[in-house]
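K.L.:
Below are the structure tokens for one structure; questions will follow.
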Amino acid sequence: MSNGPILPLRLADVSFAAGGRTIIDRISLEIETGPSTIILGANGAGKSVLMRLMHGLLKPSSDRIDWYAPERPGAPRKQAMVFQRPVMLRRSAYANVAYALKIAGIPEPQRGALVRDSLESVGLSHLARRSARVLSGGEQQRLALARAWALHPEVLFLDEPTASLDPSATREIESVIKAFDAAGTKVVMATHNLGQARRLGDEILFINQGRLVERAPVEQFFSKPQSAQAAAFIKGELPWT
Amino acid sequence: MSEALSAALALLVGLDSRLVEIVLLSLRVSLSAVAIAALLGLPLGAAIAVSRFPGRQAVIVVLNALMGLPPVVVGLLVYLLLSRAGPLGALGILFTPSAMVFAQSILILPIVAALSRQAIEDAWREYEEQLRSLGAGRMSAALTLLWDTRFSLLTTILAGFGRAAAEVGAVMIVGGNIDGVTRVMTTTIALETSKGDLPLALGLGMILIAIVIAVNAAAHLTRELAQRRYG
Ligand SMILES: Nc1ncnc2c1ncn2[C@@H]1O[C@H](COP(=O)(O)OP(=O)(O)OP(=O)(O)O)[C@@H](O)[C@H]1O
Ligand SMILES: [Mg+2]
């Protein structure tokens with residue numbers, strides 16, 4: 001197994017169609033190591049589908065997605081994803097994180113310390129023994145982050161990790177995401193929350209109806225959007241929701 | 001009628017040795033059958049749940065249909081297999097408890113496989129993206145699903161046991177209802193009733209009903225507990 005980086009990720013004219021509809025329409029872009037990338041766009045714009053394509057959960061209907069060093073099937077993954085609605089196994093919070101480590105091929109004796117460390121980093125140590133599926137939405141979201149944290153991924157995809165969380169839970173999650181960034185993980189995140197995009201993002205990918213309309217540094221995107229759609233989106237979205 | 005009832009109760013309370021022997025044989029046969037059906041049926045259900053192959057829908061339809069197999073037909077088929085001229089005649093197990101276990105295993109294998117396939121597939125639909133995202137292969141995903149649906153699977157196994165314990169046609173044909181050898185609760189009830197000896201039949205009937213109720217209560221409790229504990 002190669003130990004080199006898998007980034008950059010290159011999308012060349014990627015389209016995805018399902019049910020007779022084009023959901024992702026000829027997107028070309030490159031994702032590099034470094035600052036966080038935020039994917040912005042209205043409901044149904046194609047953000048989640050785009051991230052699933054990048055993460056390898058969906059196959060593009062046409063053209064290519066290339067990682068610099070593609071992962072081998074069956075080998076431990078160097079990328080992780082936290083879904084809009086996290087899925088937890090019917091076992092304790094602790095066991096859910098340990099499970100991810102097991103799949104990643106981490107030997108049993110090393111797992112304990114990694115699990116404790118990652119539960120600690122999201123503030124869930126006191127709930128380690130609790131069954132994961134009875135945790136609150138915010139706690140499950142943090143557990144999903146802990147699961148990703150334990151894996152030390154090179155790239156982390158986050159799909160609206162704070163949708164439906166209250167402001168204090170949102171702040172906690174955001175500080176964990178910053179910690180990922182500080183630890184050198186490339187964060188790629190979809191969000192509706194413009195305030196969050198500003199707080200966490202370095203560059204914005206703006207998606208509209210399956211097309212990449214604009215890509216710009218955060219400040220520039222918000223102060224001088226280049227497209228009419230982006231301008232309308234910024235005006236229409238309440239910054240703090 | 002009330003005489004027969006009190007005689008039946010006397011048999012139960014006195015732990016009549018004939019009655020106890022029959023109950024124990026029934027339990028031995030049906031528990032063995034359910035163990036075999038679970039050993040084969042759970043992996044089969046899991047494999048069908050997580051794999052995609054041509055003809056998969058047809059396999060599922062057939063499997064579901066086999067859940068309703070009439071016990072006498074299973075008995076007949078197993079009889080033909082095990083009879084001296086049959087392909088498995090050399091085993092020489094016709095009219096023994098082994099033949100009854102064989103027949104009941106075949107009877108409930110589709111139940112265990114079909115119900116577990118459903119439970120595991122529902123879980124797979126929910127877990128698939130997460131497990132693939134973590135990098136789990138098909139095999140380890142299947143094992144994960146088996147463990148995570150363990151409570152539904154236990155319910156499935158109990159359903160299989162209930163069906164095995166209550167069927168009469170298959171064990172009657174392949175067991176032969178030989179006194180002291182292959183006589184189980186259901187076949188004894190059928191025989192004794194036709195002979196007009198009601199107390200033993202009634203006593204066994206009561207035990208059978210108690211077992212069926214206990215099995216269903218256990219299934220219900222399992223579901224409740226799992227729901228409360230694991231969500
Ligand atoms: N497997 C699929 N089959 C058919 N249509 C799909 C499929 N997945 C997504 N879609 C459609 O593609 C469009 C984009 O979906 P996507 O989930 O990417 O939107 P989104 O930008 O993430 O929206 P939201 O902000 O609401 O999460 C939607 O109209 C959705 O209905
Ligand atoms: Mg989405």
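In the structure tokens, each chain is lettered A, B, ... as it comes, each chain's residues begin at 1, and ligands are numbered from 1 in order of appearance.
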Name each residue within 10 Å of ligand 1, counting only C-alpha atoms and all ligand atoms, as JSON, numbers by chain.

P.N.:
{"A": [16, 17, 18, 19, 20, 21, 22, 23, 24, 39, 40, 41, 42, 43, 44, 45, 46, 47, 48, 49, 50, 51, 52, 53, 58, 84, 159, 160, 163, 190, 191, 192, 207, 208, 209, 210]}

K.L.:
Keeping only N, CA and C atoms, take the residues you just selected and write them out as a CSV table (one decimal), in the first residue's frame.

P.N.:
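out08.csv written:
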chain,number,residue,atom,x,y,z
A,16,PHE,N,-23.6,13.3,-13.6
A,16,PHE,CA,-24.3,12.2,-12.9
A,16,PHE,C,-25.8,12.3,-13.2
A,17,ALA,N,-26.4,11.2,-13.8
A,17,ALA,CA,-27.8,11.2,-14.1
A,17,ALA,C,-28.5,10.1,-13.4
A,18,ALA,N,-29.7,10.4,-12.9
A,18,ALA,CA,-30.5,9.3,-12.3
A,18,ALA,C,-32.0,9.6,-12.5
A,19,GLY,N,-32.7,8.6,-12.7
A,19,GLY,CA,-34.2,8.8,-13.0
A,19,GLY,C,-34.4,9.7,-14.2
A,20,GLY,N,-33.6,9.6,-15.2
A,20,GLY,CA,-33.8,10.4,-16.4
A,20,GLY,C,-33.4,11.9,-16.2
A,21,ARG,N,-32.9,12.2,-15.1
A,21,ARG,CA,-32.5,13.6,-14.8
A,21,ARG,C,-31.0,13.8,-14.7
A,22,THR,N,-30.5,14.9,-15.2
A,22,THR,CA,-29.1,15.2,-14.9
A,22,THR,C,-29.0,15.9,-13.6
A,23,ILE,N,-28.3,15.3,-12.7
A,23,ILE,CA,-28.2,15.9,-11.3
A,23,ILE,C,-26.9,16.6,-11.2
A,24,ILE,N,-25.9,16.1,-11.7
A,24,ILE,CA,-24.6,16.8,-11.8
A,24,ILE,C,-24.3,17.0,-13.3
A,39,ILE,N,-18.9,23.8,0.0
A,39,ILE,CA,-19.8,23.7,-1.1
A,39,ILE,C,-21.1,24.3,-0.7
A,40,LEU,N,-21.5,25.4,-1.5
A,40,LEU,CA,-22.7,26.1,-1.2
A,40,LEU,C,-23.7,25.9,-2.3
A,41,GLY,N,-25.0,25.9,-2.0
A,41,GLY,CA,-26.0,25.8,-3.0
A,41,GLY,C,-27.4,25.6,-2.4
A,42,ALA,N,-28.4,25.9,-3.1
A,42,ALA,CA,-29.8,25.7,-2.6
A,42,ALA,C,-30.1,24.3,-2.4
A,43,ASN,N,-31.2,24.0,-1.7
A,43,ASN,CA,-31.7,22.6,-1.6
A,43,ASN,C,-31.9,22.0,-3.0
A,44,GLY,N,-31.4,20.8,-3.1
A,44,GLY,CA,-31.5,20.1,-4.4
A,44,GLY,C,-30.5,20.5,-5.5
A,45,ALA,N,-29.6,21.4,-5.1
A,45,ALA,CA,-28.6,21.8,-6.1
A,45,ALA,C,-27.7,20.7,-6.5
A,46,GLY,N,-27.5,19.7,-5.7
A,46,GLY,CA,-26.6,18.6,-6.0
A,46,GLY,C,-25.4,18.5,-5.1
A,47,LYS,N,-25.4,19.2,-4.0
A,47,LYS,CA,-24.2,19.2,-3.1
A,47,LYS,C,-23.9,17.8,-2.6
A,48,SER,N,-25.0,17.1,-2.1
A,48,SER,CA,-24.8,15.8,-1.5
A,48,SER,C,-24.3,14.8,-2.5
A,49,VAL,N,-24.9,14.9,-3.7
A,49,VAL,CA,-24.6,13.9,-4.8
A,49,VAL,C,-23.1,14.2,-5.2
A,50,LEU,N,-22.7,15.4,-5.3
A,50,LEU,CA,-21.4,15.7,-5.7
A,50,LEU,C,-20.4,15.2,-4.7
A,51,MET,N,-20.7,15.3,-3.4
A,51,MET,CA,-19.8,14.7,-2.4
A,51,MET,C,-19.7,13.2,-2.4
A,52,ARG,N,-20.9,12.6,-2.7
A,52,ARG,CA,-20.9,11.1,-2.8
A,52,ARG,C,-20.1,10.7,-4.0
A,53,LEU,N,-20.1,11.4,-5.1
A,53,LEU,CA,-19.3,11.1,-6.2
A,53,LEU,C,-17.8,11.2,-5.9
A,58,LEU,N,-20.9,7.0,-5.3
A,58,LEU,CA,-21.6,6.9,-6.6
A,58,LEU,C,-20.6,6.9,-7.7
A,84,GLN,N,-25.2,13.7,6.2
A,84,GLN,CA,-26.3,14.6,6.7
A,84,GLN,C,-27.0,14.0,7.9
A,159,ASP,N,-21.3,16.6,5.2
A,159,ASP,CA,-22.5,17.0,4.5
A,159,ASP,C,-23.5,17.6,5.5
A,160,GLU,N,-23.5,18.9,5.5
A,160,GLU,CA,-24.3,19.7,6.5
A,160,GLU,C,-24.2,19.2,7.9
A,163,ALA,N,-26.8,20.9,10.3
A,163,ALA,CA,-28.2,21.2,10.0
A,163,ALA,C,-29.0,20.6,11.1
A,190,ALA,N,-20.4,20.6,2.8
A,190,ALA,CA,-21.5,21.3,2.2
A,190,ALA,C,-22.3,21.9,3.4
A,191,THR,N,-22.8,23.1,3.1
A,191,THR,CA,-23.6,23.8,4.2
A,191,THR,C,-24.6,24.8,3.5
A,192,HIS,N,-25.6,25.1,4.3
A,192,HIS,CA,-26.5,26.2,3.9
A,192,HIS,C,-26.2,27.4,4.7
A,207,ILE,N,-22.7,25.8,-6.2
A,207,ILE,CA,-23.4,24.8,-7.1
A,207,ILE,C,-24.8,25.3,-7.3
A,208,ASN,N,-25.3,25.3,-8.6
A,208,ASN,CA,-26.6,25.6,-8.9
A,208,ASN,C,-27.2,24.7,-9.9
A,209,GLN,N,-28.2,24.0,-9.6
A,209,GLN,CA,-28.8,23.0,-10.6
A,209,GLN,C,-27.8,22.1,-11.2
A,210,GLY,N,-26.9,21.6,-10.3
A,210,GLY,CA,-26.0,20.6,-10.8
A,210,GLY,C,-24.8,21.1,-11.5

K.L.:
Would you kindly return, as a PyMOL selection string, each protein, DNA or RNA residue with an atom no farther than 9 Å from any atom of Gly56 (chain A), considering only C-alpha atoms and excluding same-chain residues fewer than 6 positions away?

P.N.:
(chain A and resi 65) or (chain B and resi 132-133)

K.L.:
Could you list the residues in chain A lying within 12 Å of chain B, using only C-alpha atoms, and format the result as a PyMOL selection string?

P.N.:
chain A and resi 51-58+71-93+95-105+129-136+144+147-148+150-151+153+156-157

K.L.:
Between CA of Trp149 (chain A) and CA of His126 (chain A), what is the distance, to one decimal in Å?

P.N.:
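Interatomic distance here is 17.4 Å.
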
K.L.:
Pick the closest to ligand 2 from A:Ser227, A:Ser125, A:Gln220, A:Thr162: which is it, counting only C-alpha atoms and all ligand atoms?

P.N.:
A:Thr162

K.L.:
Quick one: DSSP alpha helix (DSSP H) residues in region 9-230 of chain B, as a ChimeraX atom specification?

P.N.:
/B:9-13,17-50,56-66,71-82,97-134,138-148,150-166,169-175,185-195,198-230

K.L.:
Between CA of Ala231 (chain A) and CA of Gly201 (chain A), what distance in Å does the model show, to one decimal?

P.N.:
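Atom-to-atom, CA of Ala231 (chain A) and CA of Gly201 (chain A) are spaced 17.9 Å apart.
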
K.L.:
In Å to one decimal, how far is CA of Ala12 (chain A) from CA of Arg64 (chain A)?

P.N.:
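Atom-to-atom, CA of Arg64 (chain A) and CA of Ala12 (chain A) are spaced 5.4 Å apart.
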
K.L.:
Hey, could you make a per-residue contact list for region 160-208 of chain B against region 70-88 of chain B with 7 Å as the cut-off, showing the nearest pair of atoms and its distance in Å to one decimal, counting only C-alpha atoms, sorted by chain and number, as a Markdown table?

P.N.:
| residue | atom | partner | partner_atom | distance |
| --- | --- | --- | --- | --- |
| B:Glu167 | CA | B:Pro71 | CA | 6.6 |
| B:Gly169 | CA | B:Val72 | CA | 4.3 |
| B:Ala170 | CA | B:Gly75 | CA | 3.8 |
| B:Val171 | CA | B:Gly75 | CA | 6.7 |
| B:Ile173 | CA | B:Gly75 | CA | 5.5 |
| B:Val174 | CA | B:Tyr79 | CA | 5.5 |

K.L.:
Would you mind exporting the chosen residues as a JSON list (two decimals), in the first residue's frame, restricted to N, CA and C atoms?

P.N.:
[["chain", "number", "residue", "atom", "x", "y", "z"],
["B", 167, "GLU", "N", -46.05, -28.26, 14.05],
["B", 167, "GLU", "CA", -46.45, -28.98, 12.83],
["B", 167, "GLU", "C", -46.63, -30.47, 13.13],
["B", 169, "GLY", "N", -47.72, -32.81, 10.19],
["B", 169, "GLY", "CA", -47.66, -33.62, 8.97],
["B", 169, "GLY", "C", -46.30, -34.21, 8.68],
["B", 170, "ALA", "N", -45.24, -33.39, 8.78],
["B", 170, "ALA", "CA", -43.92, -33.87, 8.39],
["B", 170, "ALA", "C", -43.39, -34.93, 9.34],
["B", 171, "VAL", "N", -43.48, -34.67, 10.65],
["B", 171, "VAL", "CA", -42.95, -35.65, 11.60],
["B", 171, "VAL", "C", -43.76, -36.93, 11.59],
["B", 173, "ILE", "N", -45.16, -38.37, 8.97],
["B", 173, "ILE", "CA", -44.78, -39.20, 7.82],
["B", 173, "ILE", "C", -43.39, -39.79, 7.98],
["B", 174, "VAL", "N", -42.40, -38.96, 8.36],
["B", 174, "VAL", "CA", -41.03, -39.49, 8.38],
["B", 174, "VAL", "C", -40.67, -40.14, 9.72]]
